[in-house]
file work.cif (mmCIF, C-alpha atoms and all ligand atoms)
data_target
loop_
_atom_site.label_atom_id
_atom_site.label_comp_id
_atom_site.auth_asym_id
_atom_site.auth_seq_id
_atom_site.Cartn_x
_atom_site.Cartn_y
_atom_site.Cartn_z
CA MET A 1 -21.68 12.47 -5.55
CA ASN A 2 -19.05 14.66 -3.93
CA ALA A 3 -17.60 17.84 -5.38
CA GLN A 4 -14.48 16.27 -6.77
CA SER A 5 -16.28 13.51 -8.64
CA GLU A 6 -18.50 16.19 -10.21
CA GLU A 7 -15.24 17.83 -11.27
CA ILE A 8 -14.02 14.54 -12.75
CA LYS A 9 -17.31 14.03 -14.54
CA ASN A 10 -17.05 17.47 -16.13
CA PHE A 11 -13.44 16.83 -17.09
CA LEU A 12 -14.28 13.54 -18.79
CA LYS A 13 -17.26 14.91 -20.70
CA LEU A 14 -16.42 14.82 -24.39
CA GLU A 15 -16.75 17.87 -26.59
CA ASP A 16 -18.86 17.51 -29.74
CA GLY A 17 -16.72 17.05 -32.82
CA GLN A 18 -13.61 16.58 -30.68
CA TYR A 19 -11.78 13.27 -31.10
CA PHE A 20 -8.30 13.68 -29.71
CA ALA A 21 -6.45 14.00 -26.42
CA ASP A 22 -2.78 14.77 -26.06
CA ARG A 23 -0.43 11.78 -25.68
CA ASP A 24 2.07 13.37 -23.25
CA SER A 25 -0.66 14.61 -20.89
CA ALA A 26 -2.24 11.15 -20.98
CA TYR A 27 0.99 9.65 -19.69
CA LEU A 28 1.43 12.21 -16.90
CA ASP A 29 -2.15 12.39 -15.67
CA PRO A 30 -4.32 9.25 -15.34
CA TYR A 31 -7.58 11.21 -15.73
CA TYR A 32 -6.25 12.61 -18.98
CA GLY A 33 -5.25 9.05 -19.98
CA LEU A 34 -8.81 7.97 -19.34
CA LYS A 35 -10.05 10.78 -21.54
CA LYS A 36 -7.67 9.65 -24.26
CA LEU A 37 -9.09 6.11 -24.14
CA ILE A 38 -12.64 7.46 -24.23
CA TYR A 39 -11.83 9.56 -27.31
CA GLY A 40 -10.06 6.65 -28.99
CA ASN A 41 -13.04 4.38 -28.42
CA LYS A 42 -15.35 7.10 -29.73
CA ARG A 43 -13.30 7.16 -32.97
CA PHE A 44 -13.48 3.36 -33.24
CA ALA A 45 -17.22 3.13 -32.54
CA GLU A 46 -17.94 5.88 -35.06
CA ASN A 47 -15.73 4.36 -37.76
CA LYS A 48 -13.23 7.21 -37.52
CA SER A 49 -10.16 5.27 -36.37
CA ILE A 50 -6.80 6.77 -37.29
CA SER A 51 -4.50 3.88 -36.17
CA PRO A 52 -1.98 6.24 -34.54
CA ARG A 53 1.74 5.71 -33.83
CA GLN A 54 2.58 2.84 -36.13
CA THR A 55 4.51 4.42 -38.99
CA ASP A 56 8.13 3.47 -39.74
CA ALA A 57 9.32 6.56 -37.87
CA ASP A 58 7.22 5.61 -34.83
CA LEU A 59 8.71 2.11 -34.85
CA LYS A 60 12.25 3.48 -34.94
CA ASN A 61 11.52 5.57 -31.84
CA ASN A 62 10.72 2.41 -29.91
CA GLU A 63 14.41 1.67 -29.55
CA LEU A 64 14.50 4.45 -26.97
CA GLY A 65 12.14 2.65 -24.61
CA GLN A 66 8.47 2.62 -23.75
CA SER A 67 6.07 4.81 -21.80
CA PRO A 68 2.61 3.27 -22.11
CA PHE A 69 -0.07 5.57 -20.72
CA ALA A 70 -2.44 2.78 -19.66
CA VAL A 71 -2.35 -0.77 -18.37
CA ILE A 72 -5.27 -2.86 -19.58
CA ILE A 73 -6.29 -6.05 -17.79
CA GLY A 74 -8.55 -7.59 -20.36
CA CYS A 75 -10.19 -10.83 -21.49
CA ALA A 76 -8.44 -13.06 -24.04
CA ASP A 77 -11.59 -13.00 -26.21
CA SER A 78 -10.64 -12.45 -29.87
CA ARG A 79 -13.49 -9.99 -30.32
CA VAL A 80 -11.92 -7.49 -27.91
CA PRO A 81 -8.60 -6.42 -29.51
CA ASN A 82 -7.52 -3.67 -27.13
CA GLU A 83 -5.45 -1.40 -29.39
CA ILE A 84 -8.14 -1.53 -32.07
CA ILE A 85 -11.17 -0.76 -29.87
CA PHE A 86 -9.33 2.14 -28.20
CA ASP A 87 -7.69 3.21 -31.49
CA GLN A 88 -4.20 3.38 -29.96
CA GLY A 89 -0.79 2.62 -31.40
CA VAL A 90 2.50 0.91 -30.70
CA GLY A 91 3.81 1.69 -27.21
CA ASP A 92 0.52 3.05 -25.87
CA LEU A 93 -1.02 0.18 -23.93
CA PHE A 94 0.57 -2.34 -21.56
CA ILE A 95 -1.76 -5.34 -21.64
CA THR A 96 -2.40 -8.61 -19.84
CA ARG A 97 -5.16 -10.79 -21.22
CA THR A 98 -6.63 -13.97 -19.76
CA ALA A 99 -10.13 -15.43 -20.03
CA GLY A 100 -12.48 -13.42 -17.82
CA GLN A 101 -9.42 -11.17 -17.11
CA VAL A 102 -8.73 -13.47 -14.16
CA MET A 103 -5.43 -12.51 -12.56
CA ALA A 104 -2.71 -14.69 -11.03
CA GLU A 105 0.73 -14.01 -9.52
CA ALA A 106 2.34 -13.45 -12.92
CA SER A 107 -0.35 -10.91 -13.82
CA TYR A 108 0.30 -8.99 -10.60
CA GLY A 109 4.03 -8.86 -11.34
CA THR A 110 3.31 -7.67 -14.87
CA ILE A 111 1.04 -4.87 -13.68
CA GLU A 112 3.46 -3.86 -10.91
CA TYR A 113 6.29 -3.70 -13.43
CA ALA A 114 4.29 -1.20 -15.50
CA VAL A 115 3.45 1.08 -12.58
CA VAL A 116 6.90 0.91 -10.95
CA ALA A 117 9.37 0.68 -13.85
CA LEU A 118 7.38 2.41 -16.60
CA ASP A 119 5.47 4.91 -14.44
CA THR A 120 2.15 4.06 -16.02
CA ARG A 121 -0.57 5.69 -13.93
CA LEU A 122 -3.86 4.47 -15.39
CA ILE A 123 -5.04 0.87 -14.91
CA VAL A 124 -8.21 -0.32 -16.64
CA VAL A 125 -9.92 -3.63 -15.92
CA LEU A 126 -11.84 -4.34 -19.12
CA GLY A 127 -14.64 -6.90 -19.13
CA HIS A 128 -16.97 -7.47 -22.04
CA GLU A 129 -20.47 -8.49 -22.99
CA SER A 130 -21.10 -12.23 -23.65
CA CYS A 131 -17.89 -13.27 -21.89
CA GLY A 132 -17.44 -17.06 -22.11
CA ALA A 133 -15.50 -17.32 -18.86
CA VAL A 134 -18.15 -15.41 -16.91
CA THR A 135 -20.85 -17.50 -18.60
CA ALA A 136 -19.07 -20.63 -17.36
CA ALA A 137 -18.93 -19.19 -13.82
CA VAL A 138 -22.67 -18.49 -13.96
CA LYS A 139 -23.55 -21.95 -15.35
CA ARG A 140 -20.87 -23.87 -13.44
CA PRO A 141 -20.69 -27.08 -15.55
CA GLU A 142 -19.96 -30.29 -13.65
CA ASN A 143 -16.63 -31.32 -15.15
CA PRO A 144 -14.90 -28.36 -16.70
CA PRO A 145 -11.85 -29.37 -18.77
CA GLY A 146 -8.33 -29.06 -17.33
CA HIS A 147 -7.50 -25.71 -15.77
CA VAL A 148 -10.75 -24.02 -16.79
CA VAL A 149 -11.96 -24.66 -13.24
CA THR A 150 -9.42 -22.06 -12.05
CA LEU A 151 -11.25 -19.42 -14.06
CA ILE A 152 -14.66 -20.52 -12.83
CA ASN A 153 -13.58 -20.48 -9.19
CA ALA A 154 -12.10 -17.00 -9.53
CA ILE A 155 -15.26 -15.53 -11.07
CA LYS A 156 -17.74 -17.52 -8.95
CA PRO A 157 -18.14 -14.97 -6.10
CA ALA A 158 -19.17 -12.29 -8.64
CA ALA A 159 -21.53 -14.77 -10.32
CA LEU A 160 -23.18 -15.63 -7.00
CA ARG A 161 -23.68 -11.95 -6.18
CA ALA A 162 -25.21 -11.41 -9.62
CA GLU A 163 -27.63 -14.29 -9.01
CA GLU A 164 -28.91 -12.54 -5.90
CA MET A 165 -29.22 -9.20 -7.66
CA THR A 166 -31.17 -10.23 -10.76
CA GLU A 167 -34.14 -12.26 -11.98
CA SER A 168 -33.65 -13.22 -15.66
CA LYS A 169 -30.75 -15.21 -17.09
CA ASP A 170 -29.66 -12.41 -19.44
CA GLU A 171 -29.67 -9.86 -16.67
CA MET A 172 -27.71 -12.25 -14.52
CA LEU A 173 -24.88 -12.65 -17.04
CA ASP A 174 -24.58 -8.88 -17.57
CA ALA A 175 -24.59 -8.29 -13.81
CA ALA A 176 -21.95 -11.00 -13.29
CA ILE A 177 -19.71 -9.43 -15.95
CA ARG A 178 -19.96 -6.08 -14.20
CA GLU A 179 -19.56 -7.49 -10.68
CA ASN A 180 -16.50 -9.42 -11.83
CA VAL A 181 -14.88 -6.22 -13.13
CA ILE A 182 -15.67 -4.32 -9.92
CA GLU A 183 -14.25 -7.15 -7.83
CA GLN A 184 -11.04 -7.16 -9.88
CA VAL A 185 -10.73 -3.37 -9.54
CA ASN A 186 -11.06 -3.67 -5.76
CA LEU A 187 -8.57 -6.51 -5.67
CA LEU A 188 -5.94 -4.40 -7.43
CA ARG A 189 -6.59 -1.38 -5.21
CA GLY A 190 -5.87 -3.47 -2.15
CA LEU A 191 -3.02 -5.53 -3.61
CA GLU A 192 0.01 -5.38 -1.31
CA PRO A 193 2.64 -4.09 -1.33
CA VAL A 194 2.95 -1.98 -4.49
CA MET A 195 -0.54 -1.31 -5.84
CA SER A 196 -2.25 -0.48 -2.55
CA ARG A 197 0.43 2.05 -1.62
CA LYS A 198 0.46 3.76 -5.00
CA TYR A 199 -3.32 3.87 -5.03
CA GLU A 200 -3.48 5.40 -1.55
CA ASN A 201 -0.86 7.99 -2.56
CA GLY A 202 -2.97 9.09 -5.51
CA GLU A 203 -0.28 7.96 -7.96
CA ILE A 204 -2.40 5.48 -9.89
CA LEU A 205 -6.03 5.41 -10.96
CA ILE A 206 -7.68 1.99 -11.23
CA VAL A 207 -11.01 1.89 -13.07
CA GLY A 208 -13.38 -0.71 -14.52
CA ALA A 209 -15.10 -0.86 -17.92
CA VAL A 210 -17.27 -3.16 -20.00
CA TYR A 211 -17.03 -3.45 -23.79
CA ASN A 212 -20.17 -3.87 -25.84
CA LEU A 213 -19.50 -6.30 -28.71
CA HIS A 214 -22.36 -4.99 -30.84
CA THR A 215 -21.91 -1.23 -30.63
CA GLY A 216 -18.10 -1.26 -30.24
CA LYS A 217 -18.49 1.07 -27.28
CA VAL A 218 -16.63 0.80 -24.00
CA GLU A 219 -18.68 1.84 -20.99
CA PHE A 220 -16.55 2.95 -18.08
CA ILE A 221 -18.22 2.07 -14.78
CA ASP A 222 -18.96 5.41 -13.06
CA ASP A 223 -18.64 4.04 -9.54
CA THR A 224 -15.05 2.98 -10.22
CA ILE A 225 -13.97 6.43 -11.46
CA THR A 226 -13.02 7.68 -8.03
CA SER A 227 -11.34 10.82 -6.87
CA LEU A 228 -7.89 9.90 -5.64
CA PRO A 229 -7.20 11.28 -2.16
CA GLY A 230 -3.53 12.11 -2.74
CA TYR A 231 -3.85 13.00 -6.42
CA LYS A 232 -3.51 16.78 -6.26
CA LYS A 233 -0.65 16.60 -3.80
CA TYR A 234 1.12 14.04 -5.97
CA MET A 235 0.64 16.06 -9.16
CA ALA A 236 1.88 19.23 -7.46
CA ALA A 237 5.02 17.47 -6.25
CA ARG A 238 5.99 16.03 -9.64
ZN ZN B 301 -14.36 -12.94 -22.10
#
call {"tool": "encode", "arguments": {"input": "work.cif", "output": "structure tokens"}}
result
Amino acid sequence: MNAQSEEIKNFLKLEDGQYFADRDSAYLDPYYGLKKLIYGNKRFAENKSISPRQTDADLKNNELGQSPFAVIIGCADSRVPNEIIFDQGVGDLFITRTAGQVMAEASYGTIEYAVVALDTRLIVVLGHESCGAVTAAVKRPENPPGHVVTLINAIKPAALRAEEMTESKDEMLDAAIRENVIEQVNLLRGLEPVMSRKYENGEILIVGAVYNLHTGKVEFIDDTITSLPGYKKYMAAR
């Protein structure tokens, strides 16, 4: 682990009894945004949700526009409602959801819109435990219905890698879920022409996470929480 990632680790460490991170800082600084999501999920998992930014006054403010502090690329699964598990409000999260968080052209355009037009700087790929789409990619049924095959094909490389890495069936599914998230993170980091450039410049942070259906906790994947090469320079120039 290099010096900067130790710095990030220390920054993201949560204080005991502390549950909140500032909204404006979260929008300006993607590491702060990440901290805000971690605190929000801590509130949710500990039954301390506050359901922020959804009063009548908050709704009126929406006429002025939006500045979501995070983009979430999540699974369509009904058990993973993004605003609820991160305890965020109206205007906080810009979300695309498909089974297995598989992305297509329209998803790319959606994500690019957020980072270019809305200046959102944190992108989270959010997988989850017991994902049906990843399960299908691991099992690979013979005649999947309709367009489901698209999902299976997209997740299959991660499923195959997981098969090589693990021995039991349970381990395999968990590994495939994680590998799928990591693959999607890497795909977005290299996505031409917008995402790759912004990532290289240190403008956007792209991380992966897995949600645990039983504990309500989101585990951010350490290896994806990278230090951005151009981050300090970019922040200084803002
Ligand atoms: Zn799923």
call {"tool": "atom_distance", "arguments": {"input": "work.cif", "atom1": "CA of Leu59 in chain A", "atom2": "CA of Ile85 in chain A"}}
result
20.7 Å
call {"tool": "residues_near_ligand", "arguments": {"input": "work.cif", "ligand": "ligand ZN 301 (chain B)", "cutoff": "12 Å", "atoms": "only C-alpha atoms and all ligand atoms", "output": "number ranges by chain"}}
result
A: 73-81, 97-102, 126-137, 151-152, 155, 173-174, 176-178, 180-181, 210-213
call {"tool": "atom_distance", "arguments": {"input": "work.cif", "atom1": "CA of Met165 in chain A", "atom2": "CA of Ile182 in chain A"}}
result
14.6 Å
call {"tool": "residues_near_point", "arguments": {"input": "work.cif", "point": "(-5.1, 14.9, -7.8)", "cutoff": "12 Å", "atoms": "all atoms listed in the file", "output": "PyMOL selection string"}}
result
chain A and resi 4-5+7-8+28-32+121+199-205+226-238
call {"tool": "residues_around", "arguments": {"input": "work.cif", "residues": "range 37-50 of chain A", "least_positions_apart": "4", "cutoff": "6 Å", "atoms": "only C-alpha atoms", "output": "PyMOL selection string"}}
result
chain A and resi 19-20+85-87+216-217
call {"tool": "closest_residue", "arguments": {"input": "work.cif", "among": "A:Ile84, A:Leu93, A:Val71, A:Met195", "to": "Ile123 in chain A", "atoms": "only C-alpha atoms"}}
result
A:Val71
call {"tool": "atom_distance", "arguments": {"input": "work.cif", "atom1": "CA of Ala106 in chain A", "atom2": "CA of Ile72 in chain A"}}
result
14.6 Å
call {"tool": "closest_residue", "arguments": {"input": "work.cif", "among": "A:Ile225, A:Leu191, A:Ile206, A:Val149", "to": "Glu105 in chain A", "atoms": "only C-alpha atoms"}}
result
A:Leu191
call {"tool": "closest_residue", "arguments": {"input": "work.cif", "among": "A:Thr215, A:Phe69, A:Tyr108, A:Leu12", "to": "Gly190 in chain A", "atoms": "all atoms listed in the file"}}
result
A:Tyr108
